[in-house]
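Colleague: I'm passing along my_file27.cif; it holds mmCIF, C-alpha atoms and all ligand atoms.
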data_run
loop_
_atom_site.label_atom_id
_atom_site.label_comp_id
_atom_site.auth_asym_id
_atom_site.auth_seq_id
_atom_site.Cartn_x
_atom_site.Cartn_y
_atom_site.Cartn_z
CA MET A 17 -44.55 4.99 23.91
CA ILE A 18 -42.77 1.66 24.36
CA LYS A 19 -44.73 -1.43 25.37
CA ILE A 20 -43.09 -4.83 25.57
CA GLN A 21 -45.19 -7.93 26.13
CA ASN A 22 -44.04 -11.40 27.08
CA LEU A 23 -40.73 -11.24 25.22
CA TYR A 24 -38.67 -14.41 24.84
CA LYS A 25 -35.20 -14.74 23.27
CA LYS A 26 -32.76 -17.62 23.28
CA PHE A 27 -29.23 -17.74 21.86
CA GLY A 28 -28.29 -21.38 21.37
CA GLY A 29 -29.59 -23.04 24.50
CA HIS A 30 -29.23 -19.90 26.60
CA GLU A 31 -32.47 -18.05 27.35
CA VAL A 32 -31.73 -14.34 27.81
CA LEU A 33 -35.28 -12.94 27.80
CA SER A 34 -37.89 -15.08 29.58
CA GLY A 35 -41.29 -13.45 29.24
CA LEU A 36 -40.18 -9.87 29.75
CA ASP A 37 -42.85 -7.16 30.12
CA LEU A 38 -42.12 -3.44 30.25
CA GLU A 39 -43.96 -0.21 29.59
CA VAL A 40 -42.24 3.15 29.20
CA LYS A 41 -44.54 6.15 29.14
CA SER A 42 -44.20 9.06 26.82
CA GLY A 43 -41.84 11.68 28.26
CA GLU A 44 -40.44 9.33 30.86
CA LEU A 45 -36.84 8.34 31.52
CA MET A 46 -36.71 4.67 32.49
CA VAL A 47 -33.47 3.19 33.77
CA ILE A 48 -33.07 -0.57 33.48
CA ILE A 49 -30.60 -1.91 35.97
CA GLY A 50 -29.03 -5.34 36.05
CA PRO A 51 -25.67 -7.08 36.38
CA SER A 52 -23.23 -7.59 33.52
CA GLY A 53 -24.33 -10.21 31.01
CA CYS A 54 -27.99 -10.28 32.10
CA GLY A 55 -29.33 -9.14 28.72
CA LYS A 56 -29.60 -5.34 28.86
CA SER A 57 -27.96 -4.71 25.49
CA VAL A 58 -29.99 -7.54 23.95
CA LEU A 59 -33.17 -5.88 25.20
CA LEU A 60 -32.23 -2.48 23.71
CA LYS A 61 -31.45 -4.15 20.38
CA HIS A 62 -34.96 -5.66 20.42
CA ILE A 63 -36.49 -2.24 21.07
CA ILE A 64 -34.92 -0.75 17.93
CA GLY A 65 -35.57 -3.86 15.90
CA LEU A 66 -31.93 -4.92 15.42
CA VAL A 67 -32.73 -8.32 16.95
CA SER A 68 -36.08 -10.11 16.68
CA PRO A 69 -37.55 -12.05 19.56
CA ASP A 70 -38.50 -15.74 19.50
CA SER A 71 -41.94 -14.66 20.68
CA GLY A 72 -43.70 -11.70 22.25
CA ALA A 73 -44.52 -8.21 21.04
CA ILE A 74 -42.87 -4.79 21.08
CA PHE A 75 -45.13 -1.82 20.46
CA ILE A 76 -43.50 1.47 19.54
CA ASP A 77 -46.02 4.28 19.54
CA GLY A 78 -48.75 1.64 19.11
CA ILE A 79 -47.11 -0.31 16.28
CA ASP A 80 -45.92 -3.87 16.83
CA ILE A 81 -42.44 -3.88 15.31
CA THR A 82 -41.76 -7.59 15.70
CA ASN A 83 -43.25 -8.59 12.34
CA LEU A 84 -42.49 -5.53 10.24
CA SER A 85 -40.73 -5.63 6.90
CA GLU A 86 -37.19 -4.22 6.82
CA ALA A 87 -38.49 -1.17 4.92
CA LYS A 88 -41.08 -0.36 7.59
CA LEU A 89 -38.57 -1.03 10.35
CA LYS A 90 -36.22 1.49 8.80
CA LYS A 91 -38.92 4.15 9.10
CA ILE A 92 -39.57 3.27 12.74
CA ARG A 93 -35.85 3.51 13.48
CA PHE A 94 -35.98 7.22 12.64
CA LEU A 95 -37.92 7.63 15.89
CA PHE A 96 -34.83 6.49 17.78
CA GLY A 97 -31.49 7.90 18.76
CA MET A 98 -29.11 5.39 20.24
CA VAL A 99 -25.96 5.86 22.27
CA PHE A 100 -24.20 2.51 21.90
CA GLN A 101 -22.17 0.82 24.60
CA GLY A 102 -18.62 2.03 23.95
CA GLY A 103 -19.80 4.91 21.76
CA ALA A 104 -19.42 3.25 18.36
CA LEU A 105 -17.98 6.41 16.85
CA PHE A 106 -15.72 6.38 13.78
CA ASP A 107 -12.37 7.06 15.42
CA SER A 108 -10.52 8.25 12.35
CA LEU A 109 -13.25 10.68 11.27
CA THR A 110 -13.85 14.15 12.64
CA VAL A 111 -16.49 15.15 15.16
CA GLU A 112 -18.44 16.86 12.39
CA GLU A 113 -18.33 13.79 10.14
CA ASN A 114 -19.54 11.58 13.00
CA VAL A 115 -22.39 13.82 14.13
CA ALA A 116 -23.51 14.55 10.56
CA PHE A 117 -23.48 10.88 9.57
CA GLY A 118 -27.25 10.26 9.73
CA LEU A 119 -28.03 13.57 8.04
CA ARG A 120 -25.74 12.80 5.09
CA LEU A 121 -27.05 9.25 4.81
CA HIS A 122 -30.78 9.86 5.18
CA THR A 123 -31.51 13.45 4.14
CA ASP A 124 -30.70 15.70 1.22
CA LYS A 125 -29.92 18.73 3.32
CA SER A 126 -27.34 21.17 2.01
CA GLU A 127 -23.83 21.22 3.46
CA GLU A 128 -24.57 24.62 4.97
CA GLU A 129 -27.70 23.32 6.69
CA ILE A 130 -25.83 20.23 7.92
CA ARG A 131 -23.09 22.39 9.41
CA ARG A 132 -25.71 24.50 11.17
CA ILE A 133 -27.50 21.44 12.64
CA VAL A 134 -24.23 19.83 13.76
CA LYS A 135 -23.24 23.05 15.54
CA GLU A 136 -26.65 23.26 17.21
CA LYS A 137 -26.53 19.64 18.46
CA LEU A 138 -22.96 20.01 19.69
CA GLY A 139 -24.12 23.14 21.54
CA LEU A 140 -26.86 21.09 23.21
CA VAL A 141 -24.26 18.70 24.63
CA GLY A 142 -21.97 21.53 25.68
CA LEU A 143 -19.32 21.24 22.97
CA GLU A 144 -18.12 24.18 20.91
CA ASN A 145 -15.60 24.58 18.15
CA ILE A 146 -14.47 20.98 18.02
CA GLU A 147 -16.06 20.06 14.68
CA ASP A 148 -12.71 19.47 12.99
CA ARG A 149 -11.08 17.41 15.74
CA ARG A 150 -10.67 13.68 15.19
CA ILE A 151 -12.48 11.35 17.62
CA ASP A 152 -9.25 9.63 18.64
CA GLU A 153 -7.94 12.98 19.92
CA LEU A 154 -10.80 13.39 22.41
CA SER A 155 -11.21 12.38 26.07
CA GLY A 156 -13.72 9.69 27.09
CA GLY A 157 -16.20 12.25 28.39
CA MET A 158 -16.00 14.30 25.21
CA ARG A 159 -16.55 11.20 23.10
CA LYS A 160 -19.72 10.41 25.06
CA ARG A 161 -20.94 13.92 24.33
CA VAL A 162 -20.22 13.49 20.64
CA ALA A 163 -22.05 10.14 20.69
CA LEU A 164 -24.99 11.93 22.31
CA ALA A 165 -24.94 14.71 19.73
CA ARG A 166 -24.97 12.07 17.00
CA ALA A 167 -27.88 10.27 18.67
CA ILE A 168 -30.04 13.42 18.67
CA VAL A 169 -29.07 14.75 15.25
CA MET A 170 -32.24 13.46 13.54
CA ASN A 171 -34.49 14.80 16.32
CA PRO A 172 -35.50 11.41 17.73
CA ARG A 173 -38.54 10.97 19.96
CA ILE A 174 -36.93 8.12 21.86
CA ILE A 175 -33.32 7.99 23.05
CA LEU A 176 -31.73 4.71 24.11
CA TYR A 177 -28.51 4.76 26.12
CA ASP A 178 -26.44 1.61 26.60
CA GLU A 179 -24.20 2.04 29.67
CA PRO A 180 -23.63 5.77 29.07
CA THR A 181 -21.28 6.24 32.03
CA THR A 182 -19.12 3.15 31.55
CA GLY A 183 -15.62 4.00 30.34
CA VAL A 184 -16.02 7.64 31.31
CA ASP A 185 -13.43 9.19 33.60
CA VAL A 186 -14.74 9.28 37.19
CA ALA A 187 -14.54 13.06 37.25
CA MET A 188 -16.74 13.28 34.15
CA ILE A 189 -19.43 10.77 35.14
CA ASP A 190 -21.71 13.28 36.86
CA ASN A 191 -21.28 15.57 33.94
CA VAL A 192 -22.62 12.89 31.58
CA ASN A 193 -25.47 12.13 34.02
CA ARG A 194 -26.46 15.80 34.14
CA LEU A 195 -26.36 15.97 30.38
CA ILE A 196 -28.69 12.97 29.99
CA ARG A 197 -31.17 14.47 32.45
CA ASP A 198 -30.87 17.89 30.88
CA LEU A 199 -31.53 16.56 27.36
CA GLN A 200 -34.52 14.63 28.67
CA ASP A 201 -36.05 17.75 30.17
CA ARG A 202 -35.23 20.04 27.26
CA LEU A 203 -36.09 17.79 24.32
CA LYS A 204 -39.17 16.18 25.97
CA VAL A 205 -38.20 12.80 24.62
CA THR A 206 -38.82 9.31 26.01
CA SER A 207 -35.61 7.63 27.14
CA VAL A 208 -34.34 4.25 28.23
CA VAL A 209 -30.96 4.03 29.96
CA VAL A 210 -29.42 0.67 30.79
CA THR A 211 -26.72 0.46 33.42
CA HIS A 212 -25.31 -1.82 36.10
CA ASP A 213 -24.74 1.15 38.41
CA LEU A 214 -27.50 2.15 40.82
CA GLU A 215 -25.89 5.45 41.85
CA ASN A 216 -25.95 6.64 38.25
CA ALA A 217 -29.49 5.35 37.86
CA TYR A 218 -30.64 7.56 40.74
CA LYS A 219 -29.18 10.63 39.09
CA VAL A 220 -31.08 10.37 35.82
CA ALA A 221 -34.19 8.19 36.30
CA ASP A 222 -37.86 8.88 36.67
CA ARG A 223 -38.40 5.19 37.33
CA ILE A 224 -36.01 2.26 37.73
CA ALA A 225 -36.71 -1.23 36.38
CA VAL A 226 -34.82 -4.18 37.86
CA PHE A 227 -33.77 -6.80 35.31
CA HIS A 228 -33.64 -10.25 36.85
CA SER A 229 -33.69 -13.74 35.32
CA GLY A 230 -34.76 -12.57 31.88
CA ARG A 231 -37.59 -10.36 33.10
CA ILE A 232 -38.30 -7.02 34.72
CA ALA A 233 -38.76 -8.10 38.31
CA ARG A 234 -39.67 -4.68 39.79
CA ILE A 235 -40.30 -1.14 38.71
CA GLU A 236 -39.96 1.61 41.30
CA THR A 237 -39.69 5.39 41.40
CA VAL A 238 -36.29 6.74 42.44
CA GLU A 239 -37.65 7.64 45.89
CA LYS A 240 -39.14 4.23 46.49
CA MET A 241 -36.00 2.53 45.17
CA ARG A 242 -33.85 4.44 47.63
CA GLU A 243 -36.15 3.38 50.49
CA MET A 244 -36.13 -0.25 49.45
CA GLU A 245 -32.57 -0.42 48.18
CA GLU A 246 -31.24 -2.96 50.67
CA GLU A 247 -34.11 -5.35 50.14
CA ILE A 248 -34.07 -5.08 46.36
CA LEU A 249 -30.31 -5.49 46.09
CA GLN A 250 -30.39 -8.55 48.32
CA LYS A 251 -33.24 -10.13 46.45
CA TYR A 252 -32.39 -9.44 42.82
CA MET A 253 -28.91 -8.15 42.32
CA GLY A 254 -26.51 -9.95 44.60
CA LYS A 255 -24.77 -6.97 46.19
CA SER A 256 -21.39 -7.73 44.71
CA ALA A 257 -22.80 -7.19 41.21
CA LEU A 258 -23.09 -3.44 41.78
N1 LIG A 301 -25.80 -12.20 19.00
C1 LIG A 301 -25.65 -13.02 20.05
N2 LIG A 301 -25.42 -14.33 19.90
C2 LIG A 301 -25.29 -15.16 20.96
N3 LIG A 301 -25.36 -14.75 22.24
C3 LIG A 301 -25.57 -13.45 22.46
C4 LIG A 301 -25.72 -12.51 21.39
N4 LIG A 301 -25.93 -11.29 21.93
C5 LIG A 301 -25.90 -11.47 23.27
N5 LIG A 301 -25.68 -12.75 23.60
C6 LIG A 301 -25.62 -13.31 24.97
O1 LIG A 301 -26.74 -12.82 25.68
C7 LIG A 301 -26.37 -12.56 27.06
C8 LIG A 301 -26.74 -11.13 27.40
O2 LIG A 301 -25.86 -10.25 26.71
P1 LIG A 301 -25.96 -8.67 26.81
O3 LIG A 301 -24.90 -8.12 25.96
O4 LIG A 301 -27.35 -8.23 26.55
O5 LIG A 301 -25.64 -8.42 28.36
P2 LIG A 301 -25.58 -7.02 29.11
O6 LIG A 301 -26.56 -7.08 30.24
O7 LIG A 301 -25.70 -5.91 28.16
O8 LIG A 301 -24.10 -7.06 29.74
P3 LIG A 301 -23.06 -5.86 29.98
O9 LIG A 301 -23.53 -5.16 31.24
O10 LIG A 301 -21.78 -6.58 30.21
O11 LIG A 301 -23.06 -4.99 28.78
C9 LIG A 301 -24.91 -12.89 27.16
O12 LIG A 301 -24.80 -14.17 27.70
C10 LIG A 301 -24.42 -12.82 25.73
O13 LIG A 301 -23.33 -13.69 25.55
MG MG A 302 -24.44 -4.49 27.46
#
Could you take the file, read its structure, and then write that structure out as structure tokens?

Modeller:
Amino acid sequence: MIKIQNLYKKFGGHEVLSGLDLEVKSGELMVIIGPSGCGKSVLLKHIIGLVSPDSGAIFIDGIDITNLSEAKLKKIRFLFGMVFQGGALFDSLTVEENVAFGLRLHTDKSEEEIRRIVKEKLGLVGLENIEDRRIDELSGGMRKRVALARAIVMNPRIILYDEPTTGVDVAMIDNVNRLIRDLQDRLKVTSVVVTHDLENAYKVADRIAVFHSGRIARIETVEKMREMEEEILQKYMGKSAL
């Protein structure tokens, strides 16, 4: 579903991606783990075509998106739902206005239909009767759920999550993890989650990719990762980073 080949990206003199390869299979949830500042958000932005690489290729469902026109890229982006680092919700708008945003912008569905879809997606993330609340009245965990509902509103085939548990109250973190896993299993999507937290990675992943020095240094199943945790942390992460 996602195939990245030999990706390079520099900002100024600073090389963030240095020949990165990664394949995410259809229906799989891949967690990419790496310390703060290593390039996780930059990688996600490449996958949805918000940033273009200096060289290398990114195939989405077999199509190389690195040389597409803006018009074709826009079409490809409909395959994606993205939960941005920090949520990126409109704080002064209501839950309904936030979740419905893509529908109002990109479809000509009736208001009645939009209300029905918003209610359905909010139901999927475990929220009921909060359509009229403003985002700035909600807790961190509730905001994440709204961001998730917004990410799935156009029925994406791929969901990208940038640090979904960061900024969430400790008591709500497992709740968000369960929700990510639950959506994965119910919607049969392909997902990529980036995080710097291995414990959260274990709770949602099928496989875990270790980001190191601008590349994916290892990919392991959750079981294997648990077995080799000490070794991998020592080698690639520097324990203090986690
Ligand atoms: N548009 C940009 N222009 C210049 N430098 C950038 C740009 N975007 C990212 N960078 C740099 O690329 C590096 C990787 O940034 P990125 O945001 O991907 O890290 P990250 O792994 O997501 O970190 P965090 O865990 O803190 O979110 C950083 O050094 C950052 O300053
Ligand atoms: Mg980031």

Colleague: Enumerate as a PyMOL selection string the residues within 12 Å of ligand MG 302 (chain A), counting all atoms listed in the file.

Modeller: chain A and resi 48-61+99-103+177-180+182+209-212

Colleague: Could you work out how far atom C2 of ligand LIG 301 (chain A) lies from CA of Glu39 (chain A), giving the answer in Å with one decimal?

Modeller: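 Straight-line distance from CA of Glu39 (chain A) to atom C2 of ligand LIG 301 (chain A) works out to 25.4 Å.
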
Colleague: Taking into account only C-alpha atoms, which residue in the set A:Ile196, A:Val115, A:Ile189, A:Ala87 is nearest to Ile146 (chain A)?

Modeller: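 Of A:Ile196, A:Val115, A:Ile189, A:Ala87, the one nearest Ile146 (chain A), counting only C-alpha atoms, is A:Val115.
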
Colleague: By how many Å are CA of Val169 (chain A) and CA of Glu153 (chain A) apart?

Modeller: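 That distance, rounded to one decimal, is 21.7 Å.
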
Colleague: Can you pull out every residue within 9 Å of Leu23 (chain A), counting all atoms listed in the file, but drop anything in the same chain fewer than 5 positions away, and send it as a list in words?

Modeller: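 Once the nearby chain positions are removed, what remains is Leu33, Ser34, Gly35, Leu36, Asp37, Pro69, Asp70, Ser71, Gly72, Ala73, Ile74 and Arg231 of chain A.
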
Colleague: Excluding Gly43 (chain A) and any residue of its chain fewer than 6 positions from it, enumerate the residues within 9 Å of it, using only C-alpha atoms, and give them as JSON, numbers by chain.

Modeller: {"A": [17, 173, 174, 200, 201, 204, 205, 206, 207]}

Colleague: Given 3 Å of margin on each side, can you work out the centre and size in Å (one decimal) of an axis-aligned box holding every listed atom of ligand LIG 301 (chain A), as lines of an AutoDock Vina configuration file?

Modeller:
center_x = -24.6
center_y = -10.1
center_z = 25.1
size_x = 11.6
size_y = 16.2
size_z = 18.2

Colleague: Of the candidates A:Phe27, A:Tyr252, A:Phe106, A:Phe227, which one gets nearest to ligand LIG 301 (chain A) if we count all atoms listed in the file?

Modeller: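 Smallest separation from ligand LIG 301 (chain A) among the options: A:Phe27.
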
Colleague: Find the distance between CA of Arg120 (chain A) and CA of Pro172 (chain A) and write it in Å to one decimal.

Modeller: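 CA of Pro172 (chain A) lies 16.0 Å from CA of Arg120 (chain A).
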
Colleague: Which residues are close to region 236-241 of chain A, i.e. within 12 Å by all atoms listed in the file, leaving aside same-chain residues fewer than 4 positions away? Reply as a PyMOL selection string.

Modeller: chain A and resi 44-49+214-226+232+245-249

Colleague: From the set A:Leu138, A:Met170, A:Gly183, A:Glu127, which residue has the shortest atom-to-atom contact distance to ligand LIG 301 (chain A), counting all atoms listed in the file?

Modeller: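 Counting all atoms listed in the file, the residue closest to ligand LIG 301 (chain A) is A:Gly183.
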
Colleague: Considering all atoms listed in the file, state which residue in the set A:Tyr24, A:Met244, A:Met98, A:Ala163 is at the smallest distance from Glu112 (chain A).

Modeller: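 Of the candidates, the smallest distance to Glu112 (chain A) is held by A:Ala163.
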
Colleague: For ligand LIG 301 (chain A), which of A:Lys160, A:His62, A:Lys251, A:Arg93 is the closest residue, counting all atoms listed in the file?

Modeller: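 Checking each of A:Lys160, A:His62, A:Lys251, A:Arg93 against ligand LIG 301 (chain A), counting all atoms listed in the file, the winner is A:His62.
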
Colleague: Show me the residues close to (-12.8, 6.3, 14.2) - anything with an atom within 12 Å, counting only C-alpha atoms - and format the list as an NGL selection string.

Modeller: :A and (103-111 or 113-114 or 149-154 or 159 or 163)

Colleague: Just C-alpha atoms for this one: save the residues we selected as an mmCIF file, keeping the file's coordinate frame.

Modeller:
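Output contents, as saved in part.cif:
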data_model
loop_
_atom_site.group_PDB
_atom_site.id
_atom_site.type_symbol
_atom_site.label_atom_id
_atom_site.label_comp_id
_atom_site.auth_asym_id
_atom_site.auth_seq_id
_atom_site.Cartn_x
_atom_site.Cartn_y
_atom_site.Cartn_z
ATOM 1 C CA GLY A 103 -19.800 4.910 21.760
ATOM 2 C CA ALA A 104 -19.420 3.250 18.360
ATOM 3 C CA LEU A 105 -17.980 6.410 16.850
ATOM 4 C CA PHE A 106 -15.720 6.380 13.780
ATOM 5 C CA ASP A 107 -12.370 7.060 15.420
ATOM 6 C CA SER A 108 -10.520 8.250 12.350
ATOM 7 C CA LEU A 109 -13.250 10.680 11.270
ATOM 8 C CA THR A 110 -13.850 14.150 12.640
ATOM 9 C CA VAL A 111 -16.490 15.150 15.160
ATOM 10 C CA GLU A 113 -18.330 13.790 10.140
ATOM 11 C CA ASN A 114 -19.540 11.580 13.000
ATOM 12 C CA ARG A 149 -11.080 17.410 15.740
ATOM 13 C CA ARG A 150 -10.670 13.680 15.190
ATOM 14 C CA ILE A 151 -12.480 11.350 17.620
ATOM 15 C CA ASP A 152 -9.250 9.630 18.640
ATOM 16 C CA GLU A 153 -7.940 12.980 19.920
ATOM 17 C CA LEU A 154 -10.800 13.390 22.410
ATOM 18 C CA ARG A 159 -16.550 11.200 23.100
ATOM 19 C CA ALA A 163 -22.050 10.140 20.690
#

Colleague: So that I can check the surroundings of Leu143 (chain A), please list as a tab-separated table (two decimals) with C-alpha atoms, keeping the file's coordinate frame every protein, DNA and RNA residue that reaches within 10 Å of it, counting all atoms listed in the file and ignoring chain neighbours fewer than 6 positions away.

Modeller:
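See part.tsv below for the written result:
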chain	number	residue	atom	x	y	z
A	135	LYS	CA	-23.24	23.05	15.54
A	136	GLU	CA	-26.65	23.26	17.21
A	137	LYS	CA	-26.53	19.64	18.46
A	158	MET	CA	-16.00	14.30	25.21
A	161	ARG	CA	-20.94	13.92	24.33
A	162	VAL	CA	-20.22	13.49	20.64
A	165	ALA	CA	-24.94	14.71	19.73

Colleague: Could I get region 57-72 of chain A from the block written as a compact mmCIF listing (two decimals), in the first residue's frame, with C-alpha atoms?

Modeller:
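Listing of selection18.txt after writing:
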# COMPACT_ATOMS: atom_id res chain seq x y z
CA SER A 57 6.82 14.27 11.02
CA VAL A 58 8.88 15.07 7.91
CA LEU A 59 8.47 11.47 6.76
CA LEU A 60 4.67 11.55 7.24
CA LYS A 61 4.48 14.81 5.29
CA HIS A 62 6.32 13.10 2.42
CA ILE A 63 3.85 10.21 2.47
CA ILE A 64 0.87 12.53 1.92
CA GLY A 65 2.75 14.67 -0.56
CA LEU A 66 2.93 17.84 1.57
CA VAL A 67 6.73 17.84 1.22
CA SER A 68 8.66 16.54 -1.79
CA PRO A 69 11.90 14.65 -1.44
CA ASP A 70 15.24 15.64 -2.99
CA SER A 71 15.33 12.16 -4.51
CA GLY A 72 13.72 8.76 -4.12
